[in-house]
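Next comes entry_19.csv, with CSV, C-alpha atoms.
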chain,number,residue,atom,x,y,z
A,176,MET,CA,-60.9,33.7,-38.9
A,177,ASN,CA,-58.3,30.9,-38.9
A,178,SER,CA,-59.4,27.5,-37.5
A,179,SER,CA,-58.3,26.8,-33.9
A,180,ASN,CA,-58.7,23.0,-34.4
A,181,PRO,CA,-55.6,20.8,-34.8
A,182,VAL,CA,-54.8,19.4,-38.3
A,183,ARG,CA,-57.3,16.6,-39.3
A,184,GLY,CA,-55.9,13.3,-38.1
A,185,THR,CA,-54.0,14.8,-35.2
A,186,ARG,CA,-55.0,15.9,-31.8
A,187,ASP,CA,-54.1,18.0,-28.8
A,188,ILE,CA,-53.3,16.2,-25.5
A,189,SER,CA,-54.6,17.5,-22.1
A,190,PRO,CA,-52.5,17.8,-18.9
A,191,GLU,CA,-54.5,14.9,-17.4
A,192,GLU,CA,-53.7,12.6,-20.3
A,193,MET,CA,-50.1,13.8,-20.5
A,194,LYS,CA,-49.7,12.8,-16.8
A,195,LEU,CA,-50.8,9.2,-17.6
A,196,ARG,CA,-48.7,9.1,-20.8
A,197,LYS,CA,-45.6,10.2,-18.9
A,198,GLU,CA,-46.1,7.6,-16.2
A,199,LEU,CA,-46.8,4.9,-18.9
A,200,GLU,CA,-43.7,5.9,-20.9
A,201,ASP,CA,-41.5,5.9,-17.9
A,202,LYS,CA,-42.6,2.4,-16.8
A,203,ILE,CA,-42.1,1.0,-20.4
A,204,LEU,CA,-38.7,2.6,-20.7
A,205,SER,CA,-37.6,1.3,-17.3
A,206,ALA,CA,-38.7,-2.3,-18.2
A,207,PHE,CA,-36.7,-2.0,-21.5
A,208,LYS,CA,-33.6,-0.6,-19.9
A,209,SER,CA,-33.6,-3.3,-17.2
A,210,ALA,CA,-33.3,-5.9,-19.9
A,211,GLY,CA,-30.1,-4.3,-21.3
A,212,TYR,CA,-31.6,-2.2,-24.1
A,213,ASN,CA,-29.9,1.1,-25.0
A,214,HIS,CA,-32.0,4.3,-25.6
A,215,ILE,CA,-31.3,6.1,-28.9
A,216,GLU,CA,-33.1,8.8,-30.9
A,217,THR,CA,-33.4,9.3,-34.6
A,218,PRO,CA,-34.7,12.2,-36.7
A,219,ALA,CA,-38.4,12.3,-37.8
A,220,ILE,CA,-37.2,13.3,-41.3
A,221,GLU,CA,-35.5,10.8,-43.6
A,222,ASN,CA,-34.3,10.9,-47.2
A,223,LEU,CA,-37.1,10.1,-49.6
A,224,ASP,CA,-35.1,7.6,-51.7
A,225,LEU,CA,-34.3,5.6,-48.5
A,226,LEU,CA,-38.0,5.6,-47.5
A,227,MET,CA,-39.2,4.5,-50.9
A,228,ASP,CA,-36.7,1.6,-51.1
A,229,SER,CA,-37.7,0.2,-47.7
A,230,GLU,CA,-40.4,-2.4,-48.6
A,231,GLY,CA,-42.8,-0.7,-46.2
A,232,GLY,CA,-45.9,-2.2,-47.8
A,233,GLU,CA,-49.0,-0.1,-47.9
A,234,ASN,CA,-47.3,2.5,-45.6
A,235,LEU,CA,-45.4,3.8,-48.7
A,236,ARG,CA,-48.8,4.9,-50.1
A,237,MET,CA,-49.2,7.0,-46.9
A,238,LEU,CA,-45.9,8.8,-46.9
A,239,PHE,CA,-45.8,12.4,-45.9
A,240,THR,CA,-43.3,13.9,-48.3
A,241,ILE,CA,-41.5,17.3,-48.0
A,242,ALA,CA,-41.0,19.5,-51.0
A,243,LYS,CA,-37.5,20.6,-52.1
A,244,ARG,CA,-36.4,24.0,-51.1
A,245,GLY,CA,-35.2,27.1,-53.0
A,246,LYS,CA,-33.8,26.6,-56.5
A,247,LYS,CA,-34.1,22.8,-56.2
A,248,PHE,CA,-37.9,23.1,-56.4
A,249,LYS,CA,-38.7,23.2,-60.2
A,250,PRO,CA,-42.2,22.0,-60.8
A,251,THR,CA,-43.4,21.2,-64.4
A,252,GLU,CA,-46.5,19.6,-65.8
A,253,ASN,CA,-44.9,16.2,-65.8
A,254,SER,CA,-43.2,16.4,-62.3
A,255,THR,CA,-43.3,13.3,-60.2
A,256,VAL,CA,-43.2,13.2,-56.4
A,257,SER,CA,-39.5,12.3,-56.6
A,258,ASP,CA,-38.9,15.4,-58.8
A,259,LEU,CA,-40.5,17.7,-56.3
A,260,CYS,CA,-39.6,16.1,-53.0
A,261,ASP,CA,-36.4,14.8,-51.5
A,262,THR,CA,-37.3,14.0,-47.9
A,263,GLY,CA,-40.2,12.6,-46.0
A,264,LEU,CA,-41.5,11.9,-42.5
A,265,ARG,CA,-40.7,8.4,-41.1
A,266,TYR,CA,-43.6,6.0,-41.1
A,267,ASP,CA,-42.0,3.7,-38.5
A,268,LEU,CA,-38.9,3.5,-36.3
A,269,THR,CA,-37.3,0.5,-37.9
A,270,LEU,CA,-35.9,2.1,-41.0
A,271,PRO,CA,-34.2,5.0,-39.1
A,272,LEU,CA,-32.7,2.4,-36.7
A,273,SER,CA,-31.2,0.5,-39.7
A,274,ARG,CA,-29.7,3.6,-41.1
A,275,TYR,CA,-28.4,4.6,-37.6
A,276,TYR,CA,-26.8,1.2,-37.1
A,277,SER,CA,-25.1,1.2,-40.5
A,278,ASN,CA,-23.5,4.6,-39.6
A,279,ASN,CA,-22.4,3.6,-36.1
A,280,LYS,CA,-22.0,-0.2,-36.0
A,281,GLU,CA,-18.2,0.0,-35.4
A,282,SER,CA,-18.8,1.7,-32.0
A,283,LEU,CA,-21.8,-0.3,-30.9
A,284,GLU,CA,-22.1,-3.5,-29.0
A,285,ASN,CA,-22.7,-6.7,-30.9
A,286,PRO,CA,-25.5,-7.7,-30.7
A,287,PHE,CA,-26.9,-4.2,-30.4
A,288,LYS,CA,-30.1,-3.9,-28.3
A,289,SER,CA,-31.8,-0.6,-28.9
A,290,ILE,CA,-34.8,1.4,-27.6
A,291,GLN,CA,-36.6,4.1,-29.6
A,292,ILE,CA,-39.7,5.9,-28.3
A,293,GLY,CA,-41.0,8.6,-30.7
A,294,ASN,CA,-43.7,9.7,-33.1
A,295,VAL,CA,-44.2,8.3,-36.6
A,296,TYR,CA,-46.3,9.7,-39.4
A,297,ARG,CA,-48.7,8.2,-41.9
A,298,ALA,CA,-51.3,9.9,-44.1
A,299,GLU,CA,-54.0,7.6,-42.9
A,300,ARG,CA,-57.7,8.2,-43.5
A,301,PRO,CA,-58.6,9.8,-40.1
A,302,GLN,CA,-61.0,7.7,-38.0
A,303,LYS,CA,-61.6,6.9,-34.3
A,304,GLY,CA,-58.4,5.5,-32.7
A,305,ARG,CA,-56.2,6.1,-35.8
A,306,PHE,CA,-54.1,9.1,-36.1
A,307,ARG,CA,-51.7,10.6,-38.7
A,308,SER,CA,-49.1,11.3,-36.0
A,309,PHE,CA,-48.7,8.7,-33.2
A,310,LYS,CA,-46.1,7.3,-30.8
A,311,GLN,CA,-44.4,4.0,-31.0
A,312,CYS,CA,-42.2,2.3,-28.3
A,313,ASP,CA,-39.7,0.0,-30.1
A,314,ILE,CA,-37.0,-2.4,-29.0
A,315,ASP,CA,-34.8,-4.1,-31.5
A,316,ILE,CA,-31.8,-6.5,-31.5
A,317,ILE,CA,-29.3,-6.3,-34.4
A,318,GLY,CA,-26.6,-8.9,-34.8
A,319,ASP,CA,-28.3,-12.0,-33.4
A,320,HIS,CA,-29.5,-14.6,-35.9
A,321,THR,CA,-30.8,-17.1,-33.2
A,322,ILE,CA,-34.3,-17.3,-31.9
A,323,GLY,CA,-32.9,-16.2,-28.6
A,324,ALA,CA,-33.4,-12.7,-29.9
A,325,GLU,CA,-37.1,-13.3,-30.5
A,326,ILE,CA,-37.6,-14.8,-27.1
A,327,ASP,CA,-35.8,-11.9,-25.4
A,328,LEU,CA,-37.9,-9.3,-27.3
A,329,ILE,CA,-41.2,-11.1,-26.5
A,330,HIS,CA,-40.3,-11.5,-22.8
A,331,THR,CA,-39.2,-7.9,-22.5
A,332,ILE,CA,-42.3,-6.4,-24.2
A,333,SER,CA,-44.5,-8.7,-22.1
A,334,LYS,CA,-42.8,-7.6,-18.8
A,335,ALA,CA,-43.4,-3.9,-19.9
A,336,LEU,CA,-47.1,-4.6,-20.4
A,337,LEU,CA,-47.4,-6.3,-17.1
A,338,GLU,CA,-45.6,-3.4,-15.4
A,339,VAL,CA,-48.3,-0.9,-16.6
A,340,GLY,CA,-51.0,-3.2,-15.4
A,341,LEU,CA,-52.1,-5.1,-18.5
A,342,ASP,CA,-52.3,-8.9,-18.4
A,343,ASN,CA,-54.2,-11.8,-20.0
A,344,PHE,CA,-53.0,-10.7,-23.5
A,345,VAL,CA,-52.3,-13.2,-26.3
A,346,ILE,CA,-49.1,-13.2,-28.4
A,347,HIS,CA,-49.8,-14.4,-31.9
A,348,LEU,CA,-46.8,-15.9,-33.7
A,349,SER,CA,-46.1,-17.0,-37.3
A,350,ASP,CA,-43.2,-16.8,-39.9
A,351,ARG,CA,-43.1,-15.0,-43.2
A,352,LYS,CA,-41.1,-18.0,-44.7
A,353,LEU,CA,-44.1,-20.3,-44.0
A,354,LEU,CA,-46.5,-17.8,-45.5
A,355,ASN,CA,-44.5,-17.3,-48.6
A,356,ALA,CA,-44.1,-21.1,-49.1
A,357,TYR,CA,-47.8,-21.6,-48.4
A,358,ILE,CA,-48.9,-19.0,-51.0
A,359,GLU,CA,-46.5,-20.6,-53.6
A,360,SER,CA,-47.9,-24.0,-52.9
A,361,PHE,CA,-51.2,-22.9,-54.5
A,362,GLY,CA,-49.4,-22.2,-57.7
A,363,PHE,CA,-48.8,-18.5,-57.4
A,364,ASP,CA,-45.6,-16.9,-58.5
A,365,LYS,CA,-43.0,-15.4,-56.2
A,366,ASP,CA,-43.8,-11.9,-57.5
A,367,GLN,CA,-47.4,-12.4,-56.5
A,368,VAL,CA,-46.6,-13.3,-52.9
A,369,GLY,CA,-46.3,-9.7,-51.7
A,370,THR,CA,-49.6,-8.6,-53.1
A,371,ILE,CA,-51.4,-11.6,-51.6
A,372,ALA,CA,-49.7,-11.1,-48.2
A,373,ILE,CA,-50.8,-7.4,-48.0
A,374,SER,CA,-54.4,-8.4,-48.6
A,375,LEU,CA,-54.2,-11.3,-46.1
A,376,ASP,CA,-53.0,-8.8,-43.5
A,377,LYS,CA,-56.5,-7.3,-43.6
A,378,LEU,CA,-58.4,-10.5,-42.6
A,379,ASP,CA,-59.1,-9.4,-39.1
A,380,LYS,CA,-60.1,-5.9,-40.3
A,381,ILE,CA,-62.4,-6.4,-43.3
A,382,GLY,CA,-63.1,-10.2,-43.2
A,383,LYS,CA,-62.3,-13.0,-45.6
A,384,ASP,CA,-65.0,-12.2,-48.2
A,385,LYS,CA,-63.6,-8.7,-48.8
A,386,VAL,CA,-60.1,-10.0,-48.8
A,387,ILE,CA,-61.1,-12.6,-51.5
A,388,ASP,CA,-62.9,-9.9,-53.5
A,389,GLU,CA,-59.8,-7.6,-53.3
A,390,LEU,CA,-57.4,-10.3,-54.6
A,391,VAL,CA,-59.8,-11.4,-57.4
A,392,SER,CA,-60.1,-7.7,-58.5
A,393,LYS,CA,-56.3,-7.8,-58.9
A,394,GLY,CA,-56.7,-10.6,-61.5
A,395,LEU,CA,-56.0,-13.6,-59.3
A,396,ASN,CA,-57.8,-16.9,-59.7
A,397,LYS,CA,-60.9,-16.9,-57.5
A,398,GLU,CA,-61.0,-20.6,-56.8
A,399,LYS,CA,-57.4,-20.7,-55.7
A,400,ILE,CA,-57.7,-17.5,-53.7
A,401,THR,CA,-60.8,-18.7,-51.9
A,402,GLU,CA,-59.2,-22.0,-50.9
A,403,LEU,CA,-56.0,-20.2,-49.8
A,404,VAL,CA,-57.9,-17.7,-47.6
A,405,ASN,CA,-60.3,-20.3,-46.1
A,406,LYS,CA,-57.5,-22.7,-45.2
A,407,ALA,CA,-55.2,-20.0,-43.8
A,408,GLN,CA,-57.7,-19.1,-41.0
A,409,ASP,CA,-57.5,-22.3,-39.1
A,410,ILE,CA,-54.5,-24.3,-40.3
A,411,SER,CA,-52.3,-25.8,-37.5
A,412,LEU,CA,-48.5,-25.5,-37.3
A,413,GLU,CA,-48.2,-29.3,-37.9
A,414,GLU,CA,-50.3,-29.0,-41.1
A,415,VAL,CA,-48.1,-26.1,-42.3
A,416,LYS,CA,-45.0,-28.1,-41.6
A,417,LYS,CA,-46.3,-31.0,-43.8
A,418,LEU,CA,-47.5,-28.6,-46.5
A,419,THR,CA,-44.3,-26.5,-46.8
A,420,GLY,CA,-41.6,-28.9,-45.7
A,421,LEU,CA,-40.0,-26.2,-43.7
A,422,ASP,CA,-39.2,-28.3,-40.6
A,423,GLU,CA,-36.5,-26.1,-39.1
A,424,THR,CA,-38.7,-23.0,-39.4
A,425,CYS,CA,-41.6,-24.7,-37.7
A,426,SER,CA,-39.4,-26.2,-35.0
A,427,ASN,CA,-38.0,-22.7,-34.2
A,428,LEU,CA,-41.6,-21.5,-33.7
A,429,GLU,CA,-42.3,-24.4,-31.4
A,430,ARG,CA,-39.3,-23.6,-29.3
A,431,ILE,CA,-40.3,-19.9,-29.1
A,432,ILE,CA,-43.8,-20.9,-28.0
A,433,LYS,CA,-42.4,-23.3,-25.4
A,434,ALA,CA,-40.0,-20.8,-23.9
A,435,VAL,CA,-42.5,-17.9,-23.7
A,436,ASN,CA,-45.3,-20.0,-22.2
A,437,GLU,CA,-43.0,-21.5,-19.6
A,438,THR,CA,-41.9,-18.0,-18.4
A,439,SER,CA,-45.3,-16.3,-18.5
A,440,ASP,CA,-46.5,-17.4,-15.1
A,441,GLY,CA,-49.9,-17.8,-16.6
A,442,LYS,CA,-50.3,-14.0,-17.0
A,443,TYR,CA,-50.3,-14.2,-20.8
A,444,LYS,CA,-49.8,-16.8,-23.5
A,445,ILE,CA,-48.4,-17.2,-27.0
A,446,GLU,CA,-49.9,-19.3,-29.8
A,447,PHE,CA,-49.3,-20.1,-33.4
A,448,ASP,CA,-51.6,-18.0,-35.8
A,449,PHE,CA,-51.0,-18.6,-39.4
A,450,SER,CA,-53.4,-15.8,-40.4
A,451,LEU,CA,-51.0,-13.3,-38.9
A,452,VAL,CA,-49.2,-11.5,-41.7
A,453,ARG,CA,-47.9,-8.1,-40.7
A,454,GLY,CA,-48.1,-5.6,-43.6
A,455,MET,CA,-44.5,-4.7,-43.9
A,456,GLY,CA,-42.7,-6.2,-46.9
A,457,TYR,CA,-39.3,-6.3,-45.1
A,458,TYR,CA,-40.1,-9.1,-42.7
A,459,THR,CA,-38.0,-12.2,-43.4
A,460,GLY,CA,-38.7,-14.7,-40.6
A,461,PRO,CA,-40.8,-14.9,-37.4
A,462,ILE,CA,-43.5,-12.3,-36.9
A,463,PHE,CA,-45.6,-11.6,-33.8
A,464,GLU,CA,-48.5,-9.5,-32.6
A,465,ILE,CA,-50.0,-9.0,-29.2
A,466,LYS,CA,-53.8,-8.7,-28.9
A,467,TRP,CA,-55.8,-7.9,-25.8
A,468,GLY,CA,-59.5,-7.9,-24.7
A,469,GLU,CA,-62.7,-9.4,-26.0
A,470,ASP,CA,-62.4,-7.5,-29.3
A,471,ALA,CA,-58.7,-8.6,-29.7
A,472,LYS,CA,-57.2,-5.1,-30.0
A,473,SER,CA,-53.7,-5.2,-31.4
A,474,ILE,CA,-51.4,-3.4,-29.0
A,475,ALA,CA,-47.9,-4.5,-30.2
A,476,GLY,CA,-46.3,-6.2,-33.2
A,477,GLY,CA,-43.0,-6.9,-34.9
A,478,GLY,CA,-40.8,-9.5,-36.5
A,479,ARG,CA,-37.4,-10.4,-38.1
A,480,TYR,CA,-36.0,-8.2,-40.9
A,481,ASP,CA,-32.6,-9.7,-41.8
A,482,ASP,CA,-32.2,-7.9,-45.1
A,483,MET,CA,-32.9,-4.3,-44.2
A,484,ILE,CA,-29.4,-3.4,-42.8
A,485,GLY,CA,-27.9,-4.4,-46.2
A,486,LYS,CA,-29.8,-1.5,-47.9
A,487,THR,CA,-27.8,1.1,-46.0
A,488,SER,CA,-24.5,-0.9,-45.4
A,489,LYS,CA,-22.0,-2.9,-47.4
A,490,THR,CA,-22.8,-5.9,-45.2
A,491,SER,CA,-26.1,-7.1,-43.9
A,492,GLU,CA,-26.9,-8.0,-40.3
A,493,PRO,CA,-29.6,-10.2,-38.7
A,494,ALA,CA,-32.2,-8.0,-37.0
A,495,VAL,CA,-35.5,-8.4,-35.2
A,496,GLY,CA,-37.8,-5.8,-33.5
A,497,PHE,CA,-41.0,-5.4,-31.5
A,498,SER,CA,-43.1,-2.2,-31.2
A,499,ILE,CA,-45.8,-1.2,-28.7
A,500,GLY,CA,-48.5,0.9,-30.2
A,501,PHE,CA,-48.5,3.6,-27.5
A,502,GLU,CA,-51.8,5.4,-28.5
A,503,ARG,CA,-53.8,2.1,-28.4
A,504,LEU,CA,-52.2,1.3,-25.0
A,505,VAL,CA,-53.1,4.7,-23.6
A,506,ASP,CA,-56.6,4.4,-24.8
A,507,ILE,CA,-57.0,1.0,-23.1
A,508,LEU,CA,-55.4,2.2,-19.8
A,509,MET,CA,-57.5,5.4,-19.7
A,510,ASN,CA,-60.7,3.3,-19.9
A,511,VAL,CA,-59.9,0.0,-18.3
A,512,VAL,CA,-56.8,0.0,-16.1
A,513,GLU,CA,-55.7,2.5,-13.4
A,514,LEU,CA,-51.9,3.1,-13.3
A,515,GLU,CA,-50.5,3.0,-9.8
A,516,SER,CA,-48.3,6.0,-9.2
A,517,GLU,CA,-46.9,8.0,-6.3
A,518,PRO,CA,-49.3,10.7,-5.1
A,519,VAL,CA,-48.0,14.2,-6.2
A,520,LYS,CA,-47.8,16.8,-3.3
A,521,LYS,CA,-48.9,19.9,-5.1
A,522,VAL,CA,-48.4,23.3,-3.5
A,523,LEU,CA,-50.0,26.6,-4.7
A,524,LEU,CA,-47.7,29.4,-3.6
A,525,LEU,CA,-49.5,32.8,-3.8
A,526,CYS,CA,-47.7,36.1,-3.8
A,527,ASP,CA,-48.1,39.7,-5.0
A,528,ALA,CA,-46.2,39.5,-8.3
A,529,ASN,CA,-46.1,43.3,-8.6
A,530,LYS,CA,-43.9,43.7,-5.6
A,531,ASP,CA,-40.1,43.8,-5.8
A,532,ASN,CA,-39.6,40.6,-3.7
A,533,MET,CA,-39.9,37.9,-6.4
A,534,ALA,CA,-36.4,36.6,-5.7
A,535,ASP,CA,-37.4,35.8,-2.1
A,536,VAL,CA,-40.6,34.2,-3.3
A,537,ILE,CA,-38.7,32.0,-5.7
A,538,SER,CA,-36.3,31.0,-2.9
A,539,VAL,CA,-39.3,29.9,-0.8
A,540,ALA,CA,-40.7,27.9,-3.7
A,541,ASP,CA,-37.3,26.2,-4.3
A,542,LYS,CA,-37.1,25.3,-0.6
A,543,PHE,CA,-40.4,23.4,-0.8
A,544,ARG,CA,-39.4,21.8,-4.1
A,545,ALA,CA,-36.2,20.5,-2.5
A,546,GLU,CA,-38.4,18.8,0.1
A,547,GLY,CA,-40.2,16.9,-2.7
A,548,TYR,CA,-43.2,19.2,-3.3
A,549,VAL,CA,-44.4,20.4,-6.7
A,550,VAL,CA,-44.8,24.1,-6.3
A,551,SER,CA,-46.7,26.4,-8.7
A,552,MET,CA,-46.3,30.1,-8.1
A,553,ALA,CA,-49.2,32.4,-8.9
A,554,ASN,CA,-50.3,36.0,-8.4
A,555,LYS,CA,-52.7,36.3,-5.4
A,556,LYS,CA,-56.2,37.4,-6.6
A,557,LYS,CA,-58.7,39.6,-4.7
A,558,ASN,CA,-61.2,36.7,-4.4
A,559,LEU,CA,-58.9,34.4,-2.5
A,560,GLY,CA,-61.6,31.9,-1.6
A,561,LYS,CA,-62.5,31.3,-5.3
A,562,GLN,CA,-58.9,31.0,-6.2
A,563,ILE,CA,-58.3,28.4,-3.5
A,564,ASN,CA,-61.4,26.4,-4.6
A,565,LYS,CA,-60.2,26.2,-8.1
A,566,ALA,CA,-56.8,25.0,-6.9
A,567,LYS,CA,-58.5,22.2,-5.0
A,568,ASP,CA,-60.3,21.2,-8.2
A,569,LYS,CA,-57.0,21.0,-10.0
A,570,GLY,CA,-55.4,18.7,-7.5
A,571,TYR,CA,-53.5,21.0,-5.2
A,572,SER,CA,-53.2,19.7,-1.6
A,573,TYR,CA,-51.4,22.6,0.0
A,574,LEU,CA,-51.5,26.4,0.1
A,575,TYR,CA,-48.8,28.9,1.0
A,576,VAL,CA,-49.4,32.7,0.9
A,577,TYR,CA,-46.1,34.5,0.8
A,578,GLY,CA,-45.9,37.2,3.5
A,579,ARG,CA,-48.8,35.7,5.5
A,580,ASP,CA,-48.0,32.0,6.1
A,581,SER,CA,-45.1,30.5,8.1
A,582,GLU,CA,-45.8,26.9,7.0
A,583,LEU,CA,-47.9,25.0,4.4
A,584,LYS,CA,-51.6,24.9,4.9
A,585,GLU,CA,-53.6,21.8,3.9
A,586,LEU,CA,-56.5,22.4,1.5

Represent the structure contained in this file as structure tokens.
Amino acid sequence: MNSSNPVRGTRDISPEEMKLRKELEDKILSAFKSAGYNHIETPAIENLDLLMDSEGGENLRMLFTIAKRGKKFKPTENSTVSDLCDTGLRYDLTLPLSRYYSNNKESLENPFKSIQIGNVYRAERPQKGRFRSFKQCDIDIIGDHTIGAEIDLIHTISKALLEVGLDNFVIHLSDRKLLNAYIESFGFDKDQVGTIAISLDKLDKIGKDKVIDELVSKGLNKEKITELVNKAQDISLEEVKKLTGLDETCSNLERIIKAVNETSDGKYKIEFDFSLVRGMGYYTGPIFEIKWGEDAKSIAGGGRYDDMIGKTSKTSEPAVGFSIGFERLVDILMNVVELESEPVKKVLLLCDANKDNMADVISVADKFRAEGYVVSMANKKKNLGKQINKAKDKGYSYLYVYGRDSELKEL
């Protein structure tokens, strides 16, 4: 017998959870739109060469690739992934947006403020809270090189989180330019920066000792790496400024922190966190991540990626984006916060579906629907009492038996 379970690393979603997810998504989308962002949609499938050239960090090791079709599929003993596959599933929404913008920029506003809400796919090792297919809610600004874009994104994401009932979160802020200069100040070459950054991004997941061991196993000097990791965990913005000499970059972070904290009304805060890395290799400037709760769960993240548009266009454009991890947010809200929503007036309309009067039954159902009720039609069973009790358990508030009732009956 074939398994009835979903594919490992994926899951089915119940009607109860779908209700919450829809309410949550609607609130987030409304907050995004109210700030002037435009809703677009891109395909889940992208060309493999574009995915592989995206500087997606460790996500490139978790790509779901799709085999070539028909005569193009010619496997041999020495075939590589590129020989056998020509497309793959997107691992985030940033790369598809960059491609979309390159194809449509002549008809878009400048700067272009976009919304994308959709599933992305990563061949992760399945574990609690981590899925191979999961939803992200992204907003991006393309065409604005100023820190006004970062401030706009952070404020808009924060408003969306407040709208769904989440507060007291902390926004962690850093800059990839500072990180790169910091790593190089320890004597490491530019071509080693990416490797070190990817490992540093795991500090809050595996701890500093394992990060040090991982980097030493890659042939890096243990003494230098140990000093680098230890210092990165508690270094201040002022110390980083002195160490790197990047005064303008540090001043921009200070301005972002000031603007965000002054508009937060004390409901959340932003702070400098040099240990913040973000695993994507395409980040070029400020990076940010929102954490919530005693165990500091990451619920949103993003940063500036000024060089990505140039990979799919003749000219590059400044760009910055922020993404809410929808699955993590749903998990928090299902266990901690109750979403406020309008009560649904559900009606169970029972009829004899074998009779030749279904057109009239549908007309009655539509009349109630026009009055704002949610009406579900069903065949009337012999044990009416049992059927009604089940309806109550499923949240129905009203009953209407066609041919018997002249008005709705409360359950």

Name the residues, using the chain letters and numbers of the file, that sit within 9 Å of (-26.4, 0.0, -45.0) when counting only C-alpha atoms, and give them as a list in words.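 I get Ser273, Arg274, Tyr275, Tyr276, Ser277, Asn278, Met483, Ile484, Gly485, Lys486, Thr487, Ser488, Lys489, Thr490 and Ser491 of chain A for the residues within 9 Å of that point.
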
A:Glu423 environment, 12 Å, all atoms listed in the file, sequence neighbours closer than 3 positions dropped, as a list of chain:residue names: A:Ile322, A:Asp350, A:Lys352, A:Leu353, A:Lys416, A:Lys417, A:Thr419, A:Gly420, A:Ser426, A:Asn427, A:Leu428, A:Glu429, A:Arg430, A:Gly460

In Å to one decimal, how far is atom CA of A:Phe239 from atom CA of A:Thr185?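 Answer for the atom CA of A:Thr185 to atom CA of A:Phe239 separation: 13.7 Å.
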
Could you state the separation of atom CA of A:Thr240 and atom CA of A:Thr262 in Å, given to one decimal place? 6.0 Å

Using only C-alpha atoms, which of the listed residues (A:Glu252, A:Arg297, A:Asp313, A:Leu524) sits closest to A:Gly578?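 Among the listed residues, A:Leu524 lies closest to A:Gly578.
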
Using all atoms listed in the file, which protein or nucleic acid residues come within 7 Å of stretch 201-207 of chain A? Drop anything in the same chain fewer than 6 positions from it, and give the result as a PyMOL selection string. chain A and resi 331+334-335+338-339

Expected file: the selected residues, C-alpha atoms, as a short mmCIF file (atom, residue, chain, number, x, y, z; two decimals), in the frame of the given file:
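As written to disk, part08.cif reads:
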data_model
loop_
_atom_site.label_atom_id
_atom_site.label_comp_id
_atom_site.auth_asym_id
_atom_site.auth_seq_id
_atom_site.Cartn_x
_atom_site.Cartn_y
_atom_site.Cartn_z
CA THR A 331 -39.20 -7.90 -22.50
CA LYS A 334 -42.80 -7.60 -18.80
CA ALA A 335 -43.40 -3.90 -19.90
CA GLU A 338 -45.60 -3.40 -15.40
CA VAL A 339 -48.30 -0.90 -16.60
#

Fewer than 5 positions away in the same chain doesn't count, so skip those; otherwise give me all residues within 10 Å of A:Thr401, counting all atoms listed in the file, as a list in words.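 Non-adjacent residues within range: Lys383, Asp384, Val386, Ile387, Asp388, Leu390, Val391, Asn396, Lys406 and Ala407 of chain A.
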
Give one line per residue of stretch 478-550 of chain A that approaches stretch 465-473 of chain A to at most 9 Å, naming the two atoms of the closest pair and their distance in Å to one decimal, counting all atoms listed in the file; sort by chain then ascending residue number and deliver it as a tab-separated table.
residue	atom	partner	partner_atom	distance
A:Ile499	CA	A:Ile465	CA	8.9
A:Gly500	CA	A:Ser473	CA	8.1
A:Arg503	CA	A:Ser473	CA	7.9

Quick one: write out the picked residues with C-alpha atoms as a PDB file, in the frame of the given file?
ATOM      1  CA  ILE A 499     -45.800  -1.200 -28.700  1.00  0.00           C
ATOM      2  CA  GLY A 500     -48.500   0.900 -30.200  1.00  0.00           C
ATOM      3  CA  ARG A 503     -53.800   2.100 -28.400  1.00  0.00           C
TER       4      ARG A 503
END

Could you give me, as JSON, numbers by chain, the residues that have an atom at most 12 Å away from the point (-36.2, 24.3, -51.3) in the coordinates of the file, using all atoms listed in the file? {"A": [241, 242, 243, 244, 245, 246, 247, 248, 249, 250, 258, 259, 260, 261, 262]}

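One finds atom CA of A:Cys312 at 29.4 Å from atom CA of A:Lys520.
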
Tell me which protein, DNA and RNA residues are within 7 Å of A:Val550, counting only C-alpha atoms, leaving out same-chain ones fewer than 6 positions away, and put them as a ChimeraX atom specification. /A:521-524,540,544

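Look at A:Leu226: the protein and nucleic acid residues within 9 Å of it, using all atoms listed in the file and passing over chain neighbours fewer than 5 places away, are Glu221, Gly231, Leu235, Leu238, Thr262, Gly263, Leu264, Arg265, Tyr266 and Leu270 of chain A.
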
To box stretch 396-399 of chain A, take all atoms listed in the file, fit an axis-aligned box, add 6 Å on each side, and give centre and edge lengths in Å to one decimal, as lines of an AutoDock Vina configuration file.
center_x = -59.2
center_y = -18.8
center_z = -57.7
size_x = 15.6
size_y = 15.8
size_z = 16.0

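Between A:Lys569 and the candidates A:Pro190, A:Leu508, A:Thr321, A:Phe306, the tightest atom-to-atom separation, counting only C-alpha atoms, involves A:Pro190.
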
Selected residue, from A:Phe449, A:Asp224, A:Pro286, A:Gly570, that lies nearest to A:Val549 when counting only C-alpha atoms: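 Closest residue, counting only C-alpha atoms: A:Gly570.
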
Given the choices A:Ser374, A:Val536, A:Gly369, A:Tyr357, which gets closest to A:Leu403 if the distance is worked out from all atoms listed in the file?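 Looking only at the distances to A:Leu403, the closest residue turns out to be A:Tyr357.
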
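In this comparison, which uses all atoms listed in the file, the residue of A:Glu492, A:Asn355, A:Ser178, A:Ile220 approaching A:Lys280 most closely is A:Glu492.
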